[in-house]
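Asker: I'd like to ask some things about the structure below.
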There are 2 protein chains.
Amino acid sequence: MTTALPPGVSASEMDRAVEDFTAALGPAAVLTSEEDLREFRDPYAYVGWDEFIASAVVVPDTVEAVQEVVRIANRRRVPLWTFGQGRNNTYGGPAPRVRGSVLVNLRQMNRVLEVSEELAYALVEPGVRFFDLHDHLRAGGHRLWPSIPDIGWGSVVGNTLEYGRGYTPYGDHAAAVCGMEVVLPNGDLLRTGMGAMTRSGCWQAYRWGYGPSVDGLFMQSNFGIVTKMGVWLMPQPEVYLSCFAKFEDDATVEPLVDALRRLMLDGTIRNYPLLAQGVGVGEQEGEVGADNRWAMRFALYGPEEVVHAQYRVAEAALTAIPGVEVEKRWYAGDDLGAVTMHDDKVQCGIPGMELMDRFMEPYGEHTGHLDFSPVSQHTGREVVKVIELMRSLYGRHGIPYIAGLIMSPRSVLHISTSFYDTTDEAQTSSAYDAYAELVTGMAAEGYGLYRTNLRYMDLVAEQYDFNDHALRRFNETIKDALDPNGVLSPGKQGIWPRSMRQAR
Amino acid sequence: MTTALPPGVSASEMDRAVEDFTAALGPAAVLTSEEDLREFRDPYAYVGWDEFIASAVVVPDTVEAVQEVVRIANRRRVPLWTFGQGRNNTYGGPAPRVRGSVLVNLRQMNRVLEVSEELAYALVEPGVRFFDLHDHLRAGGHRLWPSIPDIGWGSVVGNTLEYGRGYTPYGDHAAAVCGMEVVLPNGDLLRTGMGAMTRSGCWQAYRWGYGPSVDGLFMQSNFGIVTKMGVWLMPQPEVYLSCFAKFEDDATVEPLVDALRRLMLDGTIRNYPLLAQGVGVGEQEGEVGADNRWAMRFALYGPEEVVHAQYRVAEAALTAIPGVEVEKRWYAGDDLGAVTMHDDKVQCGIPGMELMDRFMEPYGEHTGHLDFSPVSQHTGREVVKVIELMRSLYGRHGIPYIAGLIMSPRSVLHISTSFYDTTDEAQTSSAYDAYAELVTGMAAEGYGLYRTNLRYMDLVAEQYDFNDHALRRFNETIKDALDPNGVLSPGKQGIWPRSMRQAR
């Protein structure tokens, strides 16, 4: 018995699809009860909203089962929506863009299939969490560190495919991918890169392959379901140094950002630093939003004498800026037992849930938050301009500016957050309305988002306007060729199959 | 008057196409004389062969002209074949895969459109040579180094799109791309990544964009013509240290390769080293193939005290292997006037032609060579196995093993070369026949090529066999969707449009 139906699908058609899924996967792998479905709604939407709810959840545990699910979806013309863990709640968690979609829940595909100690990579299934990968590496005695985001419960594959970030030198997760296996919208099975040669030993070692490189097509996309992915890992260094540049004056942001860029471009700092105000970076504890001091967190790794030299260079460059103090904590690479603080854990691949706890403080279990994440150039000038713009736009809605800036050598992700009580419809709506104005307000100044919540996928796509939205039209051409029935995650990132984009 | 005609195109149809091109571009930009066409043949094929020759050459000098060329090709149903400079002679130079194709010669689109000193990138047109980029950076007083291959006359874009390599920390050129502009097979114009937002300032700063990342689709491909490309550059370091680990005993290869991998994975060595025997790496002069000693070339860059520490770590690791000696040459980053030797030039972005001269020694101006370039894991065990396999396979044909191994942290490109006299048909054929056996012989052991000559594009693609050549079938699906008339570079890397793949 299903309640939410996708557009154009009758209750009896959905029943037949569910029968087919049940026949293929077994009854335990097909969930349709109201109680089961409630678990997979958009967790940070107002509790009374039901725009992004599913009709059923299927839980395949093999590649063949995923292929069969896709074939049934084509036969029955029901839309699917895939997630590895579905834990990125601010972007919608596991919930589907199209109401009534069947969720493809990959949490049971949770094996680490291979680890190469020598070549520092792992081959993982999409349900593998950062916790699982970390634990697997420890249990196997591997001297390899994963790159992890702030909260450890997410899927390695899911996070990576959405351009998620971590904080080691491999923290640009999409850049650390090497080789994928993908179930295509027609149920066919693809391996990318050197995986296209059955006997190759280089699937996770060499990324480009022969001919076009297609891995990027499966990121933030609805062109396939990734069932295996190679991820490059960091070898355990001799020493690990967790560092913090602290300052109080907003005027220090500009020179600090410029100094950091030079240190990153010259290879002195190889990880992905975080610059934050009001989220207590560099502090053991601290209430979200209560702290107006700034901290820039970064790390050094390597042979001890190299790290010593790098630290001296970084310290000299940063403390040359008036008002900046640098603190550090040394760790031996082979003894992470002493690492307990969140800031130090995330820079050496030890996953945790402590940031989740802190982010749930404002309204307890009913806390919701919307992350608004534009991209800027990594220059002091641009970073200051974006901070001021965002403060001003948030300020119009009476929302405080709370942000963590993930620093790359040439770009910055400005991850800002607004909190609300998900049991308070007016307050939730107010945060959502502000978000829409932030999207268009920032776009008017030339700043686009790197990802977004279900509700804003079309609005954000609309801002990517070059040549009458040529990139979206290009993506739609590929979508129609690969997925003529439009079964895979329609609407994801604003990419709709032909049958569903008439209205635009 | 054209001589070579593409399949299914009559002389009068080709004449009309040439008339259209001439009307659109002007007569000076359309070449059809036998003399003009001779310049664009496969330069290392036997002089009497005419399999890969063109019917005409068009020389657009604007994006709009490229779009018009593509539209005419669709209207007249003539195949195009694009090159930036067409200088990678071992892979066919500017010559087309399909006889009678119209060459799209982009040498006139040779502007460096933008350089960002702060963010260390350039935006270039496809005709920009490594010489041009280097000279532009010098002339502008920029403290930025390009990554360059051994020979400076090639196109930055062309080399990069073919997964070409250089030897600085940005030496994996495809990984240093940020943002493209592409003329699609229907003449439409696409900008990738943040370029999809007209007003964005991050086109060359942030690579992933919103939604799928499509840049990889345009590498080693026939899905579009790249008309602009962003390329990340290396900031001039305080010091540059050019280093050589030398040894004589083949048995040293295995431990040296393993030691190098560890140094690359831990970030001590950030550039792309070269391991070679018999090509005189590390020597001022030397006849190709005459030297049986081994040398592994690498470089360090950065603040002086960091480079000192890194050198001590690298030297200790390498000289711990019996028989290995390490030599080095120090340079100040702001004074490259002292850099004159090829090995030192290519590691700091100074392009030259000296390697070309040396590669033409065996048979003077008639020298041809075929590069055979499989990929292996970067482990001592695998590198030794591949060297022995290649020696054995070359040996069966009486060809000496001459190779340069480009080392990445996890993979190795084994670039081997066989020389012949292009005026001697028997000798040339013999080299070509050996090549085909090398392709299948190495594939039988699980080793694929990263690129290849026109004549072997299909044979190499055939080896990428996973799931009934799923990757090729996937690429063909995209090809048909983007290029239904099959006008762009049919057959490139074994990807044929629907109308031309019936025979397979």
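Chain lettering (A, B, ...) mirrors the order of the structure tokens, residue numbering begins at 1 for each chain separately, and ligand numbering begins at 1 in order of display.
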Might you pull out every residue within 12 Å of B:Pro490, with only C-alpha atoms counted and same-chain residues fewer than 2 positions away left off, and present them as a ChimeraX atom specification?
Answerer: /B:6-7,77-82,96-102,185,221-224,454,457-458,476,479-480,483-488,492-501
Asker: Within 6 Å of stretch 142-151 of chain B, counting only C-alpha atoms, which residues show up once you throw out same-chain ones fewer than 6 positions away? Write them as an mmCIF file with N, CA and C atoms, in the first residue's frame, please.
Answerer:
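This is the output file result23.cif:
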```cif
data_model
loop_
_atom_site.group_PDB
_atom_site.id
_atom_site.type_symbol
_atom_site.label_atom_id
_atom_site.label_comp_id
_atom_site.auth_asym_id
_atom_site.auth_seq_id
_atom_site.Cartn_x
_atom_site.Cartn_y
_atom_site.Cartn_z
ATOM 1 N N ARG B 165 52.068 14.512 -20.827
ATOM 2 C CA ARG B 165 52.700 14.724 -19.536
ATOM 3 C C ARG B 165 53.807 15.745 -19.608
ATOM 4 N N GLY B 166 54.049 16.322 -18.439
ATOM 5 C CA GLY B 166 55.221 17.147 -18.232
ATOM 6 C C GLY B 166 55.874 16.697 -16.952
ATOM 7 N N THR B 168 56.834 18.926 -14.029
ATOM 8 C CA THR B 168 56.727 19.704 -12.787
ATOM 9 C C THR B 168 55.664 19.041 -11.904
ATOM 10 N N TYR B 170 52.819 19.887 -11.771
ATOM 11 C CA TYR B 170 51.589 19.936 -12.575
ATOM 12 C C TYR B 170 51.723 19.069 -13.824
ATOM 13 N N GLY B 171 52.621 18.095 -13.774
ATOM 14 C CA GLY B 171 52.966 17.316 -14.963
ATOM 15 C C GLY B 171 51.904 16.357 -15.461
ATOM 16 N N LEU B 233 48.985 26.701 -13.282
ATOM 17 C CA LEU B 233 50.430 26.877 -13.403
ATOM 18 C C LEU B 233 51.067 26.785 -12.024
ATOM 19 N N MET B 234 52.381 26.639 -12.054
ATOM 20 C CA MET B 234 53.143 26.515 -10.816
ATOM 21 C C MET B 234 53.748 27.873 -10.476
ATOM 22 N N PRO B 235 53.550 28.346 -9.252
ATOM 23 C CA PRO B 235 54.215 29.603 -8.887
ATOM 24 C C PRO B 235 55.728 29.388 -8.840
ATOM 25 N N GLN B 236 56.458 30.354 -9.267
ATOM 26 C CA GLN B 236 57.919 30.284 -9.197
ATOM 27 C C GLN B 236 58.353 30.013 -7.757
ATOM 28 N N GLY B 349 59.937 24.073 -16.761
ATOM 29 C CA GLY B 349 59.026 24.715 -17.705
ATOM 30 C C GLY B 349 59.654 25.525 -18.814
ATOM 31 N N GLY B 352 61.978 23.490 -25.279
ATOM 32 C CA GLY B 352 63.071 23.435 -26.242
ATOM 33 C C GLY B 352 62.780 22.393 -27.301
ATOM 34 N N MET B 353 63.734 22.249 -28.239
ATOM 35 C CA MET B 353 63.603 21.265 -29.313
ATOM 36 C C MET B 353 64.740 20.253 -29.288
#
```
Asker: Report as a tab-separated table: every residue of chain A with an atom at most 7 Å from chain B, its closest pair of atoms, and their distance in Å to one decimal, counting only C-alpha atoms, with rows sorted by chain and ascending residue number.
Answerer:
```
residue	atom	partner	partner_atom	distance
A:Leu119	CA	B:Arg410	CA	5.5
A:Leu189	CA	B:Ala470	CA	6.9
A:Leu190	CA	B:Ala470	CA	5.5
A:Arg191	CA	B:Leu471	CA	6.8
A:Thr192	CA	B:Leu471	CA	6.8
A:Ala196	CA	B:Phe466	CA	5.0
A:Met197	CA	B:Tyr464	CA	4.1
A:Thr198	CA	B:Phe466	CA	4.8
A:Arg199	CA	B:Gly446	CA	4.6
A:Ser200	CA	B:Gly446	CA	4.4
A:Gly201	CA	B:Gly446	CA	6.7
A:Cys202	CA	B:Gln377	CA	5.9
A:Ala205	CA	B:Arg410	CA	5.1
A:Tyr206	CA	B:Ser411	CA	5.6
A:Gly209	CA	B:Tyr450	CA	6.1
A:Tyr210	CA	B:Tyr450	CA	5.3
A:Gly211	CA	B:Gln220	CA	4.7
A:Pro212	CA	B:Leu217	CA	4.9
A:Ser213	CA	B:Gly216	CA	4.5
A:Val214	CA	B:Leu217	CA	5.8
A:Gly216	CA	B:Ser213	CA	4.5
A:Leu217	CA	B:Pro212	CA	4.9
A:Phe218	CA	B:Pro212	CA	6.3
A:Met219	CA	B:Pro212	CA	5.0
A:Gln220	CA	B:Gly211	CA	4.7
A:Ser221	CA	B:Pro212	CA	5.3
A:Pro235	CA	B:Asp266	CA	6.5
A:Pro237	CA	B:Asp266	CA	6.7
A:Leu265	CA	B:Pro235	CA	6.7
A:Asp266	CA	B:Gly302	CA	6.0
A:Gly302	CA	B:Asp266	CA	6.0
A:Glu305	CA	B:Ala309	CA	5.9
A:Val306	CA	B:Ala309	CA	5.1
A:Ala309	CA	B:Val306	CA	5.1
A:Gln310	CA	B:Val306	CA	5.8
A:Ser376	CA	B:Cys202	CA	6.3
A:Gln377	CA	B:Cys202	CA	5.8
A:Arg410	CA	B:Ala205	CA	5.1
A:Ser411	CA	B:Ala205	CA	5.4
A:Gly446	CA	B:Ser200	CA	4.4
A:Tyr447	CA	B:Ser200	CA	5.8
A:Leu449	CA	B:Tyr210	CA	7.0
A:Tyr450	CA	B:Tyr210	CA	5.3
A:Arg451	CA	B:Tyr210	CA	6.3
A:Gln463	CA	B:Met197	CA	6.4
A:Tyr464	CA	B:Met197	CA	4.1
A:Asp465	CA	B:Met197	CA	5.3
A:Phe466	CA	B:Thr198	CA	4.8
A:Ala470	CA	B:Leu190	CA	5.5
A:Leu471	CA	B:Leu190	CA	6.0
A:Thr477	CA	B:Ala481	CA	6.7
A:Ile478	CA	B:Ile478	CA	6.4
A:Ala481	CA	B:Ala481	CA	6.0
A:Gln493	CA	B:Gly211	CA	5.5
```
Asker: DSSP on the backbone, alpha helix (DSSP H) only: what residues of stretch 124-193 of chain B does that give? Format it as an MDAnalysis selection string.
Answerer: chainID B and resid 130:139 156:161
Asker: Restricting the output to all heavy atoms, write the selected residues as a compact mmCIF listing (two decimals), in the first residue's frame.
Answerer:
```txt
# COMPACT_ATOMS: atom_id res chain seq x y z
N PHE B 130 53.58 25.32 -26.25
CA PHE B 130 54.30 25.45 -24.97
C PHE B 130 55.29 26.61 -25.05
O PHE B 130 55.45 27.35 -24.10
CB PHE B 130 54.98 24.14 -24.60
CG PHE B 130 53.99 23.07 -24.20
CD1 PHE B 130 53.56 22.10 -25.10
CD2 PHE B 130 53.44 23.07 -22.92
CE1 PHE B 130 52.62 21.15 -24.73
CE2 PHE B 130 52.50 22.13 -22.55
CZ PHE B 130 52.10 21.16 -23.45
N PHE B 131 55.93 26.77 -26.22
CA PHE B 131 56.81 27.93 -26.41
C PHE B 131 56.04 29.23 -26.17
O PHE B 131 56.52 30.15 -25.51
CB PHE B 131 57.36 27.95 -27.85
CG PHE B 131 58.50 27.00 -28.10
CD1 PHE B 131 58.40 26.05 -29.12
CD2 PHE B 131 59.67 27.05 -27.36
CE1 PHE B 131 59.45 25.18 -29.38
CE2 PHE B 131 60.73 26.19 -27.62
CZ PHE B 131 60.61 25.24 -28.63
N ASP B 132 54.85 29.33 -26.76
CA ASP B 132 54.06 30.56 -26.67
C ASP B 132 53.67 30.87 -25.23
O ASP B 132 53.76 32.02 -24.79
CB ASP B 132 52.78 30.45 -27.51
CG ASP B 132 53.05 30.17 -28.97
OD1 ASP B 132 54.06 30.69 -29.49
OD2 ASP B 132 52.27 29.42 -29.59
N LEU B 133 53.22 29.83 -24.51
CA LEU B 133 52.79 30.05 -23.13
C LEU B 133 53.97 30.51 -22.28
O LEU B 133 53.88 31.47 -21.50
CB LEU B 133 52.15 28.78 -22.57
CG LEU B 133 51.70 28.86 -21.10
CD1 LEU B 133 50.72 30.00 -20.86
CD2 LEU B 133 51.08 27.52 -20.66
N HIS B 134 55.10 29.81 -22.46
CA HIS B 134 56.31 30.18 -21.72
C HIS B 134 56.70 31.62 -22.01
O HIS B 134 56.95 32.43 -21.10
CB HIS B 134 57.43 29.22 -22.09
CG HIS B 134 58.78 29.63 -21.57
ND1 HIS B 134 59.67 30.38 -22.32
CD2 HIS B 134 59.36 29.42 -20.38
CE1 HIS B 134 60.76 30.61 -21.60
NE2 HIS B 134 60.60 30.03 -20.41
N ASP B 135 56.74 31.96 -23.31
CA ASP B 135 57.18 33.30 -23.70
C ASP B 135 56.21 34.37 -23.18
O ASP B 135 56.63 35.44 -22.74
CB ASP B 135 57.30 33.40 -25.22
CG ASP B 135 58.42 32.52 -25.76
OD1 ASP B 135 59.21 31.99 -24.94
OD2 ASP B 135 58.50 32.35 -26.99
N HIS B 136 54.92 34.05 -23.23
CA HIS B 136 53.92 35.00 -22.75
C HIS B 136 54.10 35.27 -21.25
O HIS B 136 54.01 36.42 -20.80
CB HIS B 136 52.52 34.45 -23.02
CG HIS B 136 51.41 35.40 -22.66
ND1 HIS B 136 50.85 36.26 -23.58
CD2 HIS B 136 50.76 35.61 -21.50
CE1 HIS B 136 49.91 36.98 -22.98
NE2 HIS B 136 49.83 36.61 -21.71
N LEU B 137 54.37 34.21 -20.51
CA LEU B 137 54.56 34.38 -19.06
C LEU B 137 55.80 35.21 -18.77
O LEU B 137 55.79 36.09 -17.90
CB LEU B 137 54.65 33.00 -18.38
CG LEU B 137 53.36 32.17 -18.42
CD1 LEU B 137 53.63 30.75 -17.92
CD2 LEU B 137 52.25 32.83 -17.60
N ARG B 138 56.88 34.93 -19.52
CA ARG B 138 58.11 35.71 -19.32
C ARG B 138 57.90 37.17 -19.70
O ARG B 138 58.28 38.08 -18.96
CB ARG B 138 59.24 35.13 -20.20
CG ARG B 138 59.78 33.80 -19.72
CD ARG B 138 60.59 33.97 -18.44
NE ARG B 138 61.04 32.67 -17.95
CZ ARG B 138 62.20 32.09 -18.29
NH1 ARG B 138 63.03 32.70 -19.13
NH2 ARG B 138 62.53 30.93 -17.79
N ALA B 139 57.25 37.36 -20.86
CA ALA B 139 57.08 38.74 -21.35
C ALA B 139 56.22 39.56 -20.40
O ALA B 139 56.42 40.77 -20.24
CB ALA B 139 56.44 38.72 -22.75
N VAL B 156 49.52 23.30 -26.07
CA VAL B 156 49.20 23.04 -24.65
C VAL B 156 47.88 22.28 -24.56
O VAL B 156 47.76 21.27 -23.86
CB VAL B 156 49.10 24.37 -23.87
CG1 VAL B 156 48.66 24.13 -22.44
CG2 VAL B 156 50.45 25.12 -23.92
N VAL B 157 46.88 22.76 -25.28
CA VAL B 157 45.56 22.12 -25.23
C VAL B 157 45.61 20.72 -25.83
O VAL B 157 45.11 19.75 -25.26
CB VAL B 157 44.51 23.00 -25.94
CG1 VAL B 157 43.18 22.26 -26.08
CG2 VAL B 157 44.31 24.31 -25.18
N GLY B 158 46.23 20.61 -27.00
CA GLY B 158 46.29 19.31 -27.68
C GLY B 158 46.99 18.27 -26.83
O GLY B 158 46.49 17.15 -26.65
N ASN B 159 48.13 18.61 -26.30
CA ASN B 159 48.87 17.70 -25.44
C ASN B 159 48.04 17.29 -24.23
O ASN B 159 47.95 16.10 -23.89
CB ASN B 159 50.17 18.39 -24.99
CG ASN B 159 50.91 17.63 -23.90
OD1 ASN B 159 50.52 17.67 -22.74
ND2 ASN B 159 51.98 16.93 -24.28
N THR B 160 47.40 18.26 -23.62
CA THR B 160 46.63 17.98 -22.41
C THR B 160 45.44 17.08 -22.70
O THR B 160 45.16 16.14 -21.95
CB THR B 160 46.15 19.31 -21.80
OG1 THR B 160 47.31 20.11 -21.49
CG2 THR B 160 45.34 19.09 -20.54
N LEU B 161 44.75 17.36 -23.80
CA LEU B 161 43.57 16.56 -24.13
C LEU B 161 43.94 15.12 -24.44
O LEU B 161 43.11 14.21 -24.34
CB LEU B 161 42.82 17.16 -25.32
CG LEU B 161 42.22 18.54 -25.09
CD1 LEU B 161 41.45 18.99 -26.34
CD2 LEU B 161 41.30 18.58 -23.88
```
Asker: As a PDB file with C-alpha atoms, in the first residue's frame, please: every residue in stretch 238-381 of chain A that a backbone DSSP assignment puts in strand (DSSP E or B).
Answerer:
```
ATOM      1  CA  VAL A 239      54.511  13.066  11.965  1.00  0.00           C
ATOM      2  CA  TYR A 240      51.249  14.960  11.876  1.00  0.00           C
ATOM      3  CA  LEU A 241      51.035  18.564  13.006  1.00  0.00           C
ATOM      4  CA  SER A 242      47.614  20.124  13.612  1.00  0.00           C
ATOM      5  CA  CYS A 243      47.851  23.916  13.425  1.00  0.00           C
ATOM      6  CA  PHE A 244      45.636  26.925  14.096  1.00  0.00           C
ATOM      7  CA  ALA A 245      46.116  30.528  13.075  1.00  0.00           C
ATOM      8  CA  LYS A 246      43.903  32.620  15.349  1.00  0.00           C
ATOM      9  CA  PHE A 247      42.864  36.254  15.160  1.00  0.00           C
ATOM     10  CA  LEU A 274      39.205  25.524   7.221  1.00  0.00           C
ATOM     11  CA  LEU A 275      38.687  29.193   8.003  1.00  0.00           C
ATOM     12  CA  ALA A 276      35.815  29.850  10.363  1.00  0.00           C
ATOM     13  CA  GLN A 277      34.231  32.349  12.618  1.00  0.00           C
ATOM     14  CA  TRP A 294      38.348  33.634  13.774  1.00  0.00           C
ATOM     15  CA  ALA A 295      40.496  30.524  13.383  1.00  0.00           C
ATOM     16  CA  MET A 296      42.193  29.018  10.370  1.00  0.00           C
ATOM     17  CA  ARG A 297      42.908  25.330  10.854  1.00  0.00           C
ATOM     18  CA  PHE A 298      45.532  23.562   8.767  1.00  0.00           C
ATOM     19  CA  ALA A 299      47.850  20.600   9.023  1.00  0.00           C
ATOM     20  CA  LEU A 300      51.289  19.408   7.997  1.00  0.00           C
ATOM     21  CA  TYR A 301      52.293  15.787   7.420  1.00  0.00           C
ATOM     22  CA  GLY A 302      55.464  14.006   6.451  1.00  0.00           C
ATOM     23  CA  GLU A 325      48.860  33.783  16.592  1.00  0.00           C
ATOM     24  CA  VAL A 326      49.712  30.245  15.551  1.00  0.00           C
ATOM     25  CA  GLU A 327      49.211  27.212  17.776  1.00  0.00           C
ATOM     26  CA  LYS A 328      50.131  23.646  17.016  1.00  0.00           C
ATOM     27  CA  ARG A 329      49.841  20.114  18.308  1.00  0.00           C
ATOM     28  CA  TRP A 330      52.353  17.429  17.309  1.00  0.00           C
ATOM     29  CA  TYR A 331      51.400  13.787  16.859  1.00  0.00           C
ATOM     30  CA  ALA A 332      53.387  10.749  15.844  1.00  0.00           C
ATOM     31  CA  THR A 367      16.995  21.291  14.866  1.00  0.00           C
ATOM     32  CA  GLY A 368      17.167  21.761  11.127  1.00  0.00           C
ATOM     33  CA  HIS A 369      19.735  23.682   9.151  1.00  0.00           C
ATOM     34  CA  LEU A 370      20.120  24.799   5.581  1.00  0.00           C
ATOM     35  CA  ASP A 371      23.636  25.026   4.188  1.00  0.00           C
ATOM     36  CA  PHE A 372      24.229  27.698   1.585  1.00  0.00           C
ATOM     37  CA  PRO A 374      28.845  29.502  -2.841  1.00  0.00           C
ATOM     38  CA  VAL A 375      32.266  29.241  -4.462  1.00  0.00           C
ATOM     39  CA  SER A 376      34.730  32.112  -4.700  1.00  0.00           C
ATOM     40  CA  GLN A 377      38.262  32.696  -5.838  1.00  0.00           C
TER      41      GLN A 377
END
```
Asker: For the atom pair atom CA of A:Val104 and atom CA of A:Thr423, what is the interatomic distance in Å to one decimal place?
Answerer: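 Going from atom CA of A:Val104 over to atom CA of A:Thr423 covers 27.8 Å.
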Asker: Which one of B:Ala4, B:Gly179, B:Ile72, B:Val439 sits closest to B:Arg16 if you count only C-alpha atoms?
Answerer: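 When distances to B:Arg16 are compared using only C-alpha atoms, the smallest one comes from B:Ile72.
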Asker: I'd like the neighbourhood of A:Val177 as a CSV table (one decimal) with N, CA, C and O atoms, in the first residue's frame, where a residue qualifies if any of its atoms comes within 7 Å (using only C-alpha atoms), though same-chain residues fewer than 4 positions away should be ignored.
Answerer:
```
chain,number,residue,atom,x,y,z
A,173,HIS,N,37.6,15.3,-2.4
A,173,HIS,CA,37.3,13.8,-2.6
A,173,HIS,C,37.1,13.4,-4.0
A,173,HIS,O,37.6,12.4,-4.4
A,230,GLY,N,37.0,3.4,-6.6
A,230,GLY,CA,38.3,3.4,-6.1
A,230,GLY,C,38.6,4.8,-5.4
A,230,GLY,O,38.2,5.8,-6.0
A,231,VAL,N,39.2,4.8,-4.3
A,231,VAL,CA,39.5,6.0,-3.6
A,231,VAL,C,41.0,6.0,-3.1
A,231,VAL,O,41.4,5.0,-2.5
A,232,TRP,N,41.7,7.0,-3.4
A,232,TRP,CA,43.1,7.1,-3.0
A,232,TRP,C,43.2,7.5,-1.6
A,232,TRP,O,42.4,8.4,-1.1
```
Asker: Grab the atom CA of B:Glu365 to atom CA of B:Gly92 distance for me, in Å with one decimal place.
Answerer: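 Taking atom CA of B:Glu365 and atom CA of B:Gly92, their separation equals 16.3 Å.
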Asker: Do a neighbour search on stretch 427-435 of chain B at 8 Å with only C-alpha atoms, toss out local chain neighbours closer than 5 positions, and write the hits as number ranges by chain.
Answerer: B: 45-46, 370, 372, 394, 397, 418-422
Asker: Take the residues that were just selected and, keeping N, CA, C and O atoms, output them as a short mmCIF file (atom, residue, chain, number, x, y, z; two decimals), in the first residue's frame.
Answerer:
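The file below, result30.cif, is the result:
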```cif
data_model
loop_
_atom_site.label_atom_id
_atom_site.label_comp_id
_atom_site.auth_asym_id
_atom_site.auth_seq_id
_atom_site.Cartn_x
_atom_site.Cartn_y
_atom_site.Cartn_z
N ALA B 45 54.94 7.76 -40.89
CA ALA B 45 54.58 6.59 -41.70
C ALA B 45 55.57 6.48 -42.86
O ALA B 45 56.30 7.43 -43.16
N TYR B 46 55.62 5.32 -43.51
CA TYR B 46 56.44 5.17 -44.70
C TYR B 46 56.02 6.24 -45.71
O TYR B 46 54.82 6.47 -45.90
N LEU B 370 57.92 4.88 -33.45
CA LEU B 370 56.61 4.50 -32.94
C LEU B 370 56.73 4.37 -31.43
O LEU B 370 57.53 3.58 -30.94
N PHE B 372 55.30 3.12 -27.95
CA PHE B 372 54.40 2.10 -27.41
C PHE B 372 54.36 2.30 -25.90
O PHE B 372 55.40 2.20 -25.24
N TYR B 394 59.84 -6.91 -27.69
CA TYR B 394 60.65 -6.19 -28.68
C TYR B 394 61.73 -7.11 -29.25
O TYR B 394 62.01 -7.10 -30.45
N HIS B 397 61.37 -9.21 -32.26
CA HIS B 397 61.44 -8.51 -33.54
C HIS B 397 62.79 -7.86 -33.77
O HIS B 397 62.94 -7.06 -34.70
N SER B 418 60.50 2.67 -30.87
CA SER B 418 61.31 1.96 -31.87
C SER B 418 61.53 2.88 -33.07
O SER B 418 60.62 3.60 -33.49
N PHE B 419 62.75 2.87 -33.56
CA PHE B 419 63.15 3.78 -34.64
C PHE B 419 63.23 3.05 -35.98
O PHE B 419 63.56 1.87 -36.02
N TYR B 420 62.95 3.77 -37.05
CA TYR B 420 63.07 3.18 -38.38
C TYR B 420 63.26 4.30 -39.39
O TYR B 420 63.08 5.49 -39.08
N ASP B 421 63.57 3.87 -40.59
CA ASP B 421 63.80 4.80 -41.70
C ASP B 421 62.50 4.87 -42.50
O ASP B 421 62.07 3.87 -43.09
N THR B 422 61.87 6.05 -42.51
CA THR B 422 60.56 6.16 -43.16
C THR B 422 60.62 6.07 -44.68
O THR B 422 59.60 6.03 -45.35
#
```
